[in-house]
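Have a look at the structure below, then the notes.
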Amino acid sequence: MHIDDMATLYVAALSAKAGSVYIGVGESHPTMKQVAEAAARGAGLDGKTVSITLEQARAEMGPVADAFALDQRLTSAKARRELGWAPTHGDPLATFARG
C-alpha cells in the first residue's frame with residue numbers, strides 16, 4: 001500500500017461511524033515470490049531470489065513463516081463502497097523494483 005493512498009483512506013475514515021474497520025489494499029494480488037523478486041530488482045540484485053522450504057523458513061523466521069505461506073486475499077470493497085476510497089498507486093511491484 002502506497003503511503004499516499006493510506007493517508008487518503010485515513011482521512012476518509014474520519015467521517016465513518018466510530019468503530020468501523022476498513023482494509024486498505026489495491027486490486028493486484030502479487031505472490032510473495034513476486035514481491036521478493038521485485039524487491040531484489042530494487043536492491044540491484046537483478047530479481048534473483050532463493051526459495052527455501054517452509055521448515056527452513058520456520059527455523060529462520062519462527063511462527064510468522066506460516067503467515068507468509070498462506071494464500072490470503074484481502075479486499076477494500078467496504079472502503080470503496082462506504083467511503084468512496086480508491087487507491088491511485090496501483091502497481092506495488094513496480095514500486096518495489098524501483099528501490
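Labels for the C-alpha cells follow display order: chains A, B, ..., residues from 1 in each chain, ligands from 1.
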
Next on the checklist: Taking 6 positions as the minimum chain separation for residues in the same chain, which residues sit within 9 Å of A:Val21 when counting only C-alpha atoms? Answer as a ChimeraX atom specification.
Outcome noted: /A:13,78-79

Next on the checklist: Quick one: residues within 12 Å of A:Met1, only C-alpha atoms, excluding same-chain residues fewer than 6 positions away - as a list of chain:residue names?
Outcome noted: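 The residues satisfying every condition are A:Ala7, A:Thr8, A:Leu9, A:Ile23, A:Gly24, A:Val25, A:Gly26, A:Glu27, A:Ser28, A:His29, A:Ser76, A:Ala86, A:Pro87, A:Thr88, A:His89, A:Gly90, A:Asp91, A:Pro92, A:Leu93, A:Thr95, A:Phe96.
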
Next on the checklist: Need to verify the contact set: A:Ala39, 8 Å, only C-alpha atoms, exclusion of same-chain residues closer than 2 positions in sequence. Can you return it as a ChimeraX atom specification?
Outcome noted: /A:35-37,41-43,47,93,96-97,99

Store the residues of this selection in a file with all heavy atoms, as a compact mmCIF listing (two decimals), in the first residue's frame.
```txt
# COMPACT_ATOMS: atom_id res chain seq x y z
N VAL A 35 6.84 -10.43 -4.95
CA VAL A 35 7.29 -9.31 -4.11
C VAL A 35 8.79 -9.41 -3.86
O VAL A 35 9.52 -8.42 -3.98
CB VAL A 35 6.51 -9.27 -2.77
CG1 VAL A 35 7.12 -8.28 -1.80
CG2 VAL A 35 5.04 -8.95 -3.02
N ALA A 36 9.26 -10.61 -3.54
CA ALA A 36 10.70 -10.80 -3.28
C ALA A 36 11.52 -10.50 -4.53
O ALA A 36 12.58 -9.86 -4.45
CB ALA A 36 10.95 -12.23 -2.80
N GLU A 37 11.05 -10.94 -5.69
CA GLU A 37 11.78 -10.68 -6.94
C GLU A 37 11.83 -9.18 -7.25
O GLU A 37 12.86 -8.66 -7.65
CB GLU A 37 11.15 -11.45 -8.09
CG GLU A 37 11.39 -12.94 -7.99
CD GLU A 37 10.57 -13.77 -8.96
OE1 GLU A 37 9.59 -13.26 -9.55
OE2 GLU A 37 10.91 -14.95 -9.13
N ARG A 41 15.10 -6.75 -7.42
CA ARG A 41 15.43 -5.84 -8.52
C ARG A 41 15.72 -4.45 -7.97
O ARG A 41 16.68 -3.79 -8.37
CB ARG A 41 14.29 -5.79 -9.55
CG ARG A 41 14.29 -6.98 -10.50
CD ARG A 41 13.33 -6.78 -11.66
NE ARG A 41 11.93 -6.68 -11.26
CZ ARG A 41 11.16 -7.71 -10.94
NH1 ARG A 41 11.64 -8.94 -10.97
NH2 ARG A 41 9.91 -7.52 -10.60
N GLY A 42 14.89 -3.98 -7.04
CA GLY A 42 15.08 -2.67 -6.45
C GLY A 42 16.39 -2.56 -5.67
O GLY A 42 16.97 -1.49 -5.57
N ALA A 43 16.85 -3.70 -5.14
CA ALA A 43 18.11 -3.73 -4.40
C ALA A 43 19.31 -3.94 -5.31
O ALA A 43 20.44 -4.06 -4.83
CB ALA A 43 18.06 -4.83 -3.35
N GLY A 47 16.64 -9.21 -9.59
CA GLY A 47 15.47 -10.03 -9.33
C GLY A 47 15.78 -11.43 -8.86
O GLY A 47 14.90 -12.28 -8.80
N LEU A 93 4.49 -3.79 -7.25
CA LEU A 93 5.71 -4.46 -7.72
C LEU A 93 6.63 -3.47 -8.41
O LEU A 93 7.86 -3.54 -8.24
CB LEU A 93 5.37 -5.63 -8.64
CG LEU A 93 4.60 -6.78 -7.96
CD1 LEU A 93 4.30 -7.88 -8.98
CD2 LEU A 93 5.35 -7.34 -6.77
N PHE A 96 8.38 -1.51 -5.65
CA PHE A 96 9.45 -2.28 -5.03
C PHE A 96 10.67 -2.37 -5.95
O PHE A 96 11.82 -2.30 -5.51
CB PHE A 96 9.00 -3.70 -4.68
CG PHE A 96 7.96 -3.77 -3.59
CD1 PHE A 96 6.93 -4.67 -3.68
CD2 PHE A 96 8.02 -2.95 -2.48
CE1 PHE A 96 5.98 -4.76 -2.69
CE2 PHE A 96 7.08 -3.02 -1.48
CZ PHE A 96 6.04 -3.93 -1.58
N ALA A 97 10.41 -2.57 -7.22
CA ALA A 97 11.51 -2.76 -8.19
C ALA A 97 12.34 -1.49 -8.37
O ALA A 97 13.53 -1.57 -8.70
CB ALA A 97 10.96 -3.22 -9.54
N GLY A 99 13.18 0.47 -5.98
CA GLY A 99 14.11 0.56 -4.83
C GLY A 99 14.02 1.78 -4.04
O GLY A 99 13.65 2.78 -4.05
```

Next on the checklist: Using only C-alpha atoms, can you tell me which of A:Ala38, A:Ala18, A:Met32, A:Val64 comes closest to A:Ser51?
Outcome noted: A:Met32

Item to check | Gap from atom CA of A:Thr31 to atom CA of A:Ala94 - Å, one decimal | outcome: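 Taking atom CA of A:Thr31 as the start and atom CA of A:Ala94 as the end point, the length is 13.8 Å.
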
Checklist entry - Could you state the separation of atom CA of A:Pro63 and atom CA of A:His2 in Å, given to one decimal place? => result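 About the pair atom CA of A:Pro63 and atom CA of A:His2: they are 26.8 Å apart.
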
Next on the checklist: Please determine, counting only C-alpha atoms, which residue among A:Gly19, A:Trp85, A:Pro30, A:Leu54 has the shortest atom-to-atom distance to A:Met6.
Outcome noted: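 Closest to A:Met6 of all the choices is A:Trp85.
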
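Excluding A:Ala16 itself and any same-chain residue fewer than 4 positions from it, the protein and nucleic acid residues within 10 Å of it, counting only C-alpha atoms, are Val11, Ala12, Ser20, Val21, Tyr22, Ala79, Glu82 and Leu83 of chain A.
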
Checklist entry - Quick one, how far is atom CA of A:Gly62 from atom CA of A:Arg98? => result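 Interatomic distance here is 29.4 Å.
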
Next on the checklist: Could you pull out the helix (DSSP H, G or I) residues of chain A, going by DSSP on the backbone, and write them as a VMD selection string?
Outcome noted: chain A and resid 3 to 13 32 to 42 54 to 61 64 to 69 77 to 83 92 to 98

Kindly export the residues of the current selection with N, CA and C atoms, as a compact mmCIF listing (two decimals), in the first residue's frame.
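After the write, part.txt holds the following:
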```txt
# COMPACT_ATOMS: atom_id res chain seq x y z
N ILE A 3 1.89 5.03 0.67
CA ILE A 3 1.63 5.92 1.81
C ILE A 3 0.59 6.98 1.47
N ASP A 4 0.59 7.49 0.24
CA ASP A 4 -0.42 8.50 -0.13
C ASP A 4 -1.82 7.90 -0.15
N ASP A 5 -1.94 6.67 -0.65
CA ASP A 5 -3.25 6.00 -0.66
C ASP A 5 -3.71 5.72 0.77
N MET A 6 -2.80 5.31 1.63
CA MET A 6 -3.17 5.03 3.02
C MET A 6 -3.61 6.31 3.71
N ALA A 7 -2.90 7.41 3.46
CA ALA A 7 -3.27 8.69 4.06
C ALA A 7 -4.67 9.12 3.62
N THR A 8 -4.98 8.93 2.35
CA THR A 8 -6.30 9.27 1.84
C THR A 8 -7.38 8.43 2.52
N LEU A 9 -7.08 7.16 2.73
CA LEU A 9 -8.03 6.28 3.41
C LEU A 9 -8.24 6.73 4.86
N TYR A 10 -7.17 7.07 5.55
CA TYR A 10 -7.29 7.53 6.94
C TYR A 10 -8.16 8.78 7.02
N VAL A 11 -7.95 9.73 6.13
CA VAL A 11 -8.74 10.95 6.12
C VAL A 11 -10.21 10.62 5.84
N ALA A 12 -10.46 9.76 4.88
CA ALA A 12 -11.84 9.37 4.56
C ALA A 12 -12.50 8.66 5.74
N ALA A 13 -11.74 7.86 6.46
CA ALA A 13 -12.29 7.10 7.59
C ALA A 13 -12.66 8.01 8.76
N MET A 32 4.15 -13.78 -2.76
CA MET A 32 5.35 -13.42 -2.00
C MET A 32 6.59 -13.53 -2.87
N LYS A 33 6.60 -14.52 -3.78
CA LYS A 33 7.74 -14.66 -4.68
C LYS A 33 7.87 -13.45 -5.59
N GLN A 34 6.75 -12.96 -6.12
CA GLN A 34 6.80 -11.78 -6.98
C GLN A 34 7.28 -10.55 -6.19
N VAL A 35 6.84 -10.43 -4.95
CA VAL A 35 7.29 -9.31 -4.11
C VAL A 35 8.79 -9.41 -3.86
N ALA A 36 9.26 -10.61 -3.54
CA ALA A 36 10.70 -10.80 -3.28
C ALA A 36 11.52 -10.50 -4.53
N GLU A 37 11.05 -10.94 -5.69
CA GLU A 37 11.78 -10.68 -6.94
C GLU A 37 11.83 -9.18 -7.25
N ALA A 38 10.70 -8.49 -7.04
CA ALA A 38 10.67 -7.05 -7.28
C ALA A 38 11.60 -6.33 -6.31
N ALA A 39 11.58 -6.73 -5.05
CA ALA A 39 12.46 -6.12 -4.05
C ALA A 39 13.92 -6.38 -4.40
N ALA A 40 14.21 -7.57 -4.91
CA ALA A 40 15.58 -7.90 -5.32
C ALA A 40 16.02 -7.04 -6.49
N ARG A 41 15.10 -6.75 -7.42
CA ARG A 41 15.43 -5.84 -8.52
C ARG A 41 15.72 -4.45 -7.97
N GLY A 42 14.89 -3.98 -7.04
CA GLY A 42 15.08 -2.67 -6.45
C GLY A 42 16.39 -2.56 -5.67
N LEU A 54 9.37 -24.52 3.81
CA LEU A 54 8.63 -23.97 4.93
C LEU A 54 9.34 -24.28 6.25
N GLU A 55 9.92 -25.47 6.33
CA GLU A 55 10.66 -25.84 7.55
C GLU A 55 11.85 -24.91 7.76
N GLN A 56 12.57 -24.59 6.69
CA GLN A 56 13.70 -23.66 6.80
C GLN A 56 13.21 -22.27 7.21
N ALA A 57 12.12 -21.86 6.62
CA ALA A 57 11.56 -20.54 6.95
C ALA A 57 11.15 -20.49 8.42
N ARG A 58 10.52 -21.55 8.91
CA ARG A 58 10.13 -21.59 10.33
C ARG A 58 11.35 -21.51 11.23
N ALA A 59 12.42 -22.19 10.84
CA ALA A 59 13.64 -22.18 11.66
C ALA A 59 14.26 -20.78 11.69
N GLU A 60 14.18 -20.06 10.57
CA GLU A 60 14.80 -18.73 10.48
C GLU A 60 13.88 -17.61 10.96
N MET A 61 12.57 -17.76 10.73
CA MET A 61 11.64 -16.67 10.99
C MET A 61 10.69 -16.92 12.16
N VAL A 64 5.91 -16.66 12.21
CA VAL A 64 5.42 -15.77 11.16
C VAL A 64 5.60 -16.40 9.77
N ALA A 65 6.49 -17.37 9.65
CA ALA A 65 6.70 -18.04 8.36
C ALA A 65 5.40 -18.66 7.86
N ASP A 66 4.59 -19.17 8.77
CA ASP A 66 3.33 -19.78 8.35
C ASP A 66 2.38 -18.75 7.75
N ALA A 67 2.42 -17.52 8.24
CA ALA A 67 1.58 -16.46 7.68
C ALA A 67 1.97 -16.16 6.24
N PHE A 68 3.28 -16.18 5.95
CA PHE A 68 3.74 -15.92 4.60
C PHE A 68 3.38 -17.06 3.64
N ALA A 69 3.12 -18.24 4.18
CA ALA A 69 2.80 -19.39 3.35
C ALA A 69 1.31 -19.47 3.01
N ALA A 77 -13.29 -3.51 -0.67
CA ALA A 77 -14.65 -3.25 -1.15
C ALA A 77 -15.45 -2.38 -0.18
N LYS A 78 -15.33 -2.62 1.11
CA LYS A 78 -16.08 -1.83 2.09
C LYS A 78 -15.62 -0.37 2.07
N ALA A 79 -14.32 -0.13 2.02
CA ALA A 79 -13.80 1.23 1.97
C ALA A 79 -14.23 1.93 0.68
N ARG A 80 -14.26 1.20 -0.39
CA ARG A 80 -14.68 1.76 -1.67
C ARG A 80 -16.17 2.12 -1.62
N ARG A 81 -16.95 1.19 -1.10
CA ARG A 81 -18.40 1.36 -1.06
C ARG A 81 -18.81 2.46 -0.06
N GLU A 82 -18.31 2.40 1.15
CA GLU A 82 -18.77 3.31 2.19
C GLU A 82 -18.06 4.67 2.19
N LEU A 83 -16.82 4.70 1.75
CA LEU A 83 -16.04 5.93 1.82
C LEU A 83 -15.71 6.53 0.46
N PRO A 92 2.27 -2.12 -6.89
CA PRO A 92 3.28 -2.20 -5.84
C PRO A 92 4.57 -2.86 -6.31
N LEU A 93 4.49 -3.79 -7.25
CA LEU A 93 5.71 -4.46 -7.72
C LEU A 93 6.63 -3.47 -8.41
N ALA A 94 6.08 -2.54 -9.16
CA ALA A 94 6.91 -1.53 -9.83
C ALA A 94 7.57 -0.63 -8.79
N THR A 95 6.84 -0.33 -7.71
CA THR A 95 7.41 0.50 -6.64
C THR A 95 8.57 -0.22 -5.97
N PHE A 96 8.38 -1.51 -5.65
CA PHE A 96 9.45 -2.28 -5.03
C PHE A 96 10.67 -2.37 -5.95
N ALA A 97 10.41 -2.57 -7.22
CA ALA A 97 11.51 -2.76 -8.19
C ALA A 97 12.34 -1.49 -8.37
N ARG A 98 11.73 -0.34 -8.14
CA ARG A 98 12.48 0.93 -8.26
C ARG A 98 13.46 1.12 -7.11
```
